[in-house]
Amino acid sequence: MANLKEVKERIKSVSSTQQITRAMKMVAAAKLRRAQDRIVQMRPYSEKLSAILSNVSSGSDEESMSTYGEERELRNVLIVPVTSDRGLCGAFNSNVFKGVRALLAQEEYASANIEIMPIGKKSFDVFKKSDHKLVDSFWNVFGDLNFDVVKTAAEYAMEGFEEGTYDRVILVYNEFKNVATQIIRTEQLLPVLPNESDEAEASVNSDYIFQPSKDFIIEDLIPKSLKIQFYKAVLDSNASEHGARMTAMGKATDNAGELLKELKLTYNRTRQAAITKEILEIVGGAEALAADG
């Protein structure tokens, strides 16, 4: 059985850890509120733009959509894994890495040249050790997260696809559902996918009157829409990170509380055993003195 000093030191250590995890949970909760507000406000706008983009893509002729809607032989792929800059957020980052590995395990990517553009320090730290070519210019966007910073990464991917450097661009990120739930998403950014709704709905949704012209829509709206989709993925990941950290730190705080109960029980038992031993020694000594007298 551990002595009283060891148990007391462990109680002190666990109490200190519990204070830290409780503080981290509160900080994550405060950051989550702001991040959640941003993604909740962005999501309807992004989804509507995505629907318009898909319908314009499906309703346009091949020549007008050749830039961003062209399906090519899959030779070069850019994968964009979006993680956090810091850890202590449960399986948040590891789920993204699992998503990338699952993607690379698919047969169609077996012979393709894979390039990784990490977003987030954790992603950068992992993939810089891999055998894949790395685009290391945009991993620190969370240092000052705003649209102007993120759009430079989106523009790099779009220019690469437009110039033929990449035949496909894929985002892998955590979609924010609620504080306790984050859903891993593998989303194709480029080429633009046609609308997945049924034919009747698609025919209705695709019936647009273009003003000022279809060419203007293609040249202006679609690039903006793609940047918005990229930005939404980053905002989703940011909100998911704070939700995952809040949940992880809450569980850590609860676990520390359970451990403290066990340690205090052990401390009291050890202390009681030590007192009992001292009383027995005193009684034994008194009896020995009485016998000698």
# chains A, B, ... in the order shown; residues from 1 in each chain; ligands from 1
>>> closest_atom_pairs(of="region 87-129 of chain A", to="region 179-196 of chain A", cutoff="10 Å", atoms="only C-alpha atoms", output="CSV")
residue,atom,partner,partner_atom,distance
A:Ala91,CA,A:Gln182,CA,9.9
A:Phe92,CA,A:Gln182,CA,7.9
A:Asn95,CA,A:Ile184,CA,6.8
A:Val96,CA,A:Ile184,CA,6.8
A:Lys98,CA,A:Ile184,CA,9.4
A:Gly99,CA,A:Ile184,CA,7.1
A:Val100,CA,A:Thr186,CA,8.3
A:Ala102,CA,A:Thr186,CA,9.8
A:Leu103,CA,A:Thr186,CA,8.1
>>> select_by_dssp(residues="region 53-235 of chain A", states="alpha helix (DSSP H)", output="ChimeraX atom specification")
/A:53-59,92-104,121-127,147-162,199-205,214-216,222-235
>>> closest_residue(among="A:Lys5, A:His132, A:Lys151, A:Arg101", to="Val234 (chain A)", atoms="only C-alpha atoms")
A:Lys151
>>> residues_around(residues="region 75-83 of chain A", least_positions_apart="6", cutoff="9 Å", atoms="only C-alpha atoms", output="PyMOL selection string")
chain A and resi 92-94+96-97+99-100+109+111-124+139+157+160+164-174+233-234+237-238+241
>>> write_last_selection(atoms="N, CA and C atoms", output="short mmCIF file (atom, residue, chain, number, x, y, z; two decimals), in the first residue's frame")
data_model
loop_
_atom_site.label_atom_id
_atom_site.label_comp_id
_atom_site.auth_asym_id
_atom_site.auth_seq_id
_atom_site.Cartn_x
_atom_site.Cartn_y
_atom_site.Cartn_z
N PHE A 92 -10.40 14.30 -32.82
CA PHE A 92 -10.69 15.29 -33.87
C PHE A 92 -9.68 15.19 -35.03
N ASN A 93 -8.39 15.27 -34.71
CA ASN A 93 -7.37 15.25 -35.75
C ASN A 93 -7.16 13.85 -36.34
N SER A 94 -7.18 12.84 -35.49
CA SER A 94 -6.93 11.48 -35.97
C SER A 94 -8.02 11.03 -36.93
N VAL A 96 -9.45 12.90 -39.17
CA VAL A 96 -9.08 13.45 -40.48
C VAL A 96 -8.00 12.59 -41.14
N PHE A 97 -7.02 12.18 -40.35
CA PHE A 97 -5.96 11.33 -40.90
C PHE A 97 -6.52 9.99 -41.36
N GLY A 99 -9.53 9.58 -42.46
CA GLY A 99 -10.26 9.89 -43.68
C GLY A 99 -9.34 9.97 -44.89
N VAL A 100 -8.17 10.56 -44.72
CA VAL A 100 -7.20 10.65 -45.81
C VAL A 100 -6.69 9.25 -46.18
N TYR A 109 -7.27 5.85 -56.73
CA TYR A 109 -6.15 6.71 -56.35
C TYR A 109 -4.82 5.95 -56.26
N SER A 111 -2.86 4.64 -58.51
CA SER A 111 -1.82 5.00 -59.49
C SER A 111 -1.68 6.51 -59.68
N ALA A 112 -2.44 7.29 -58.91
CA ALA A 112 -2.39 8.75 -59.05
C ALA A 112 -1.25 9.35 -58.25
N ASN A 113 -0.75 10.49 -58.72
CA ASN A 113 0.23 11.25 -57.96
C ASN A 113 -0.50 12.11 -56.93
N ILE A 114 -0.19 11.88 -55.67
CA ILE A 114 -0.90 12.56 -54.58
C ILE A 114 -0.06 13.71 -54.04
N GLU A 115 -0.70 14.85 -53.93
CA GLU A 115 -0.07 16.02 -53.32
C GLU A 115 -0.94 16.46 -52.15
N ILE A 116 -0.31 16.83 -51.04
CA ILE A 116 -1.04 17.20 -49.83
C ILE A 116 -0.86 18.69 -49.54
N MET A 117 -1.98 19.38 -49.31
CA MET A 117 -1.93 20.78 -48.88
C MET A 117 -2.55 20.86 -47.49
N PRO A 118 -1.76 20.71 -46.43
CA PRO A 118 -2.32 20.67 -45.08
C PRO A 118 -2.82 22.04 -44.62
N ILE A 119 -3.93 22.02 -43.92
CA ILE A 119 -4.47 23.21 -43.25
C ILE A 119 -4.49 22.88 -41.76
N GLY A 120 -3.71 23.61 -40.97
CA GLY A 120 -3.58 23.32 -39.54
C GLY A 120 -2.22 22.71 -39.23
N LYS A 121 -1.64 23.09 -38.11
CA LYS A 121 -0.29 22.64 -37.75
C LYS A 121 -0.21 21.12 -37.55
N LYS A 122 -1.25 20.53 -36.96
CA LYS A 122 -1.24 19.09 -36.72
C LYS A 122 -1.17 18.33 -38.04
N SER A 123 -1.90 18.79 -39.03
CA SER A 123 -1.87 18.18 -40.35
C SER A 123 -0.50 18.34 -40.99
N PHE A 124 0.06 19.53 -40.85
CA PHE A 124 1.39 19.79 -41.42
C PHE A 124 2.45 18.90 -40.77
N TRP A 139 -0.65 26.18 -44.14
CA TRP A 139 -1.06 25.40 -42.96
C TRP A 139 -1.41 26.27 -41.76
N ALA A 157 -5.43 26.17 -55.14
CA ALA A 157 -6.02 24.91 -55.63
C ALA A 157 -6.75 25.13 -56.95
N GLY A 160 -4.30 25.66 -59.77
CA GLY A 160 -3.66 24.39 -60.11
C GLY A 160 -4.56 23.52 -60.96
N GLY A 164 -4.12 22.61 -65.08
CA GLY A 164 -3.88 21.20 -65.35
C GLY A 164 -2.89 20.54 -64.42
N THR A 165 -2.43 21.28 -63.40
CA THR A 165 -1.51 20.69 -62.43
C THR A 165 -2.20 19.61 -61.62
N TYR A 166 -3.48 19.82 -61.31
CA TYR A 166 -4.28 18.85 -60.57
C TYR A 166 -5.51 18.48 -61.40
N ASP A 167 -5.87 17.21 -61.33
CA ASP A 167 -7.07 16.73 -62.00
C ASP A 167 -8.26 16.64 -61.05
N ARG A 168 -7.96 16.69 -59.76
CA ARG A 168 -9.02 16.64 -58.76
C ARG A 168 -8.52 17.28 -57.47
N VAL A 169 -9.40 18.00 -56.80
CA VAL A 169 -9.09 18.63 -55.51
C VAL A 169 -10.12 18.15 -54.50
N ILE A 170 -9.64 17.60 -53.38
CA ILE A 170 -10.54 17.00 -52.39
C ILE A 170 -10.26 17.58 -51.02
N LEU A 171 -11.31 17.97 -50.31
CA LEU A 171 -11.21 18.46 -48.94
C LEU A 171 -11.58 17.33 -47.97
N VAL A 172 -10.80 17.18 -46.90
CA VAL A 172 -11.11 16.22 -45.83
C VAL A 172 -11.14 17.02 -44.53
N TYR A 173 -12.32 17.07 -43.90
CA TYR A 173 -12.47 17.92 -42.72
C TYR A 173 -13.59 17.41 -41.83
N ASN A 174 -13.68 17.96 -40.64
CA ASN A 174 -14.77 17.65 -39.71
C ASN A 174 -15.89 18.66 -39.88
N ALA A 233 -15.62 24.96 -45.25
CA ALA A 233 -14.98 23.76 -44.72
C ALA A 233 -14.03 24.11 -43.57
N VAL A 234 -13.30 25.20 -43.73
CA VAL A 234 -12.37 25.63 -42.68
C VAL A 234 -13.14 26.09 -41.44
N SER A 237 -14.49 23.10 -39.63
CA SER A 237 -13.42 22.45 -38.88
C SER A 237 -13.08 23.22 -37.62
N ASN A 238 -13.08 24.55 -37.72
CA ASN A 238 -12.76 25.37 -36.56
C ASN A 238 -13.78 25.21 -35.45
N GLU A 241 -13.44 21.75 -33.93
CA GLU A 241 -12.28 21.66 -33.03
C GLU A 241 -12.64 22.10 -31.62
#
>>> closest_residue(among="A:Ala51, A:Val149, A:Ala273, A:Val126", to="Asp85 (chain A)", atoms="only C-alpha atoms")
A:Val126
>>> select_by_dssp(residues="region 108-221 of chain A", states="strand (DSSP E)", output="list in words")
Asn113, Ile114, Glu115, Ile116, Lys133, Leu134, Arg168, Val169, Ile170, Leu171, Val172, Tyr173, Asn174, Glu175, Phe176, Lys177, Asn178, Thr181, Gln182, Ile183, Ile184, Arg185, Thr186, Glu187, Gln188, Leu189 and Leu190 of chain A
>>> write_last_selection(atoms="C-alpha atoms", output="tab-separated table (two decimals), in the first residue's frame")
chain	number	residue	atom	x	y	z
A	113	ASN	CA	0.23	11.25	-57.96
A	114	ILE	CA	-0.90	12.56	-54.58
A	115	GLU	CA	-0.07	16.02	-53.32
A	116	ILE	CA	-1.04	17.20	-49.83
A	133	LYS	CA	4.69	16.02	-52.04
A	134	LEU	CA	3.70	18.79	-49.63
A	168	ARG	CA	-9.02	16.64	-58.76
A	169	VAL	CA	-9.09	18.63	-55.51
A	170	ILE	CA	-10.54	17.00	-52.39
A	171	LEU	CA	-11.21	18.46	-48.94
A	172	VAL	CA	-11.11	16.22	-45.83
A	173	TYR	CA	-12.47	17.92	-42.72
A	174	ASN	CA	-14.77	17.65	-39.71
A	175	GLU	CA	-18.25	19.03	-40.24
A	176	PHE	CA	-19.75	20.63	-37.14
A	177	LYS	CA	-23.08	19.14	-36.07
A	178	ASN	CA	-23.17	19.90	-32.36
A	181	THR	CA	-20.72	15.33	-32.67
A	182	GLN	CA	-18.38	16.06	-35.56
A	183	ILE	CA	-18.83	14.25	-38.88
A	184	ILE	CA	-15.81	13.54	-41.06
A	185	ARG	CA	-16.39	14.74	-44.62
A	186	THR	CA	-14.53	13.91	-47.82
A	187	GLU	CA	-15.72	16.54	-50.27
A	188	GLN	CA	-14.71	17.01	-53.89
A	189	LEU	CA	-14.07	20.70	-54.55
A	190	LEU	CA	-12.92	20.32	-58.15
>>> closest_residue(among="A:Ile228, A:Ala244, A:Ile209, A:Ile222", to="Ala153 (chain A)", atoms="only C-alpha atoms")
A:Ile228
>>> atom_distance(atom1="CA of Lys25 (chain A)", atom2="CA of Asp236 (chain A)")
19.2 Å
>>> atom_distance(atom1="CA of Ala252 (chain A)", atom2="CA of Ala239 (chain A)")
19.9 Å
>>> closest_residue(among="A:Asp254, A:Pro212, A:Ala105, A:Ser225", to="Ser50 (chain A)", atoms="only C-alpha atoms")
A:Ser225
>>> atom_distance(atom1="CA of Leu265 (chain A)", atom2="CA of Lys277 (chain A)")
18.2 Å
>>> closest_residue(among="A:Phe161, A:Gly90, A:Ala288, A:Leu104", to="Thr67 (chain A)", atoms="only C-alpha atoms")
A:Phe161
>>> residues_around(residues="Ser46 (chain A)", least_positions_apart="3", cutoff="7 Å", atoms="only C-alpha atoms", output="list in words")
Met42, Arg43, Leu49, Ser50, Ile228, Gln229 and Lys232 of chain A
>>> residues_around(residues="Val150 (chain A)", least_positions_apart="4", cutoff="7 Å", atoms="only C-alpha atoms", output="number ranges by chain")
A: 141, 146, 154, 231
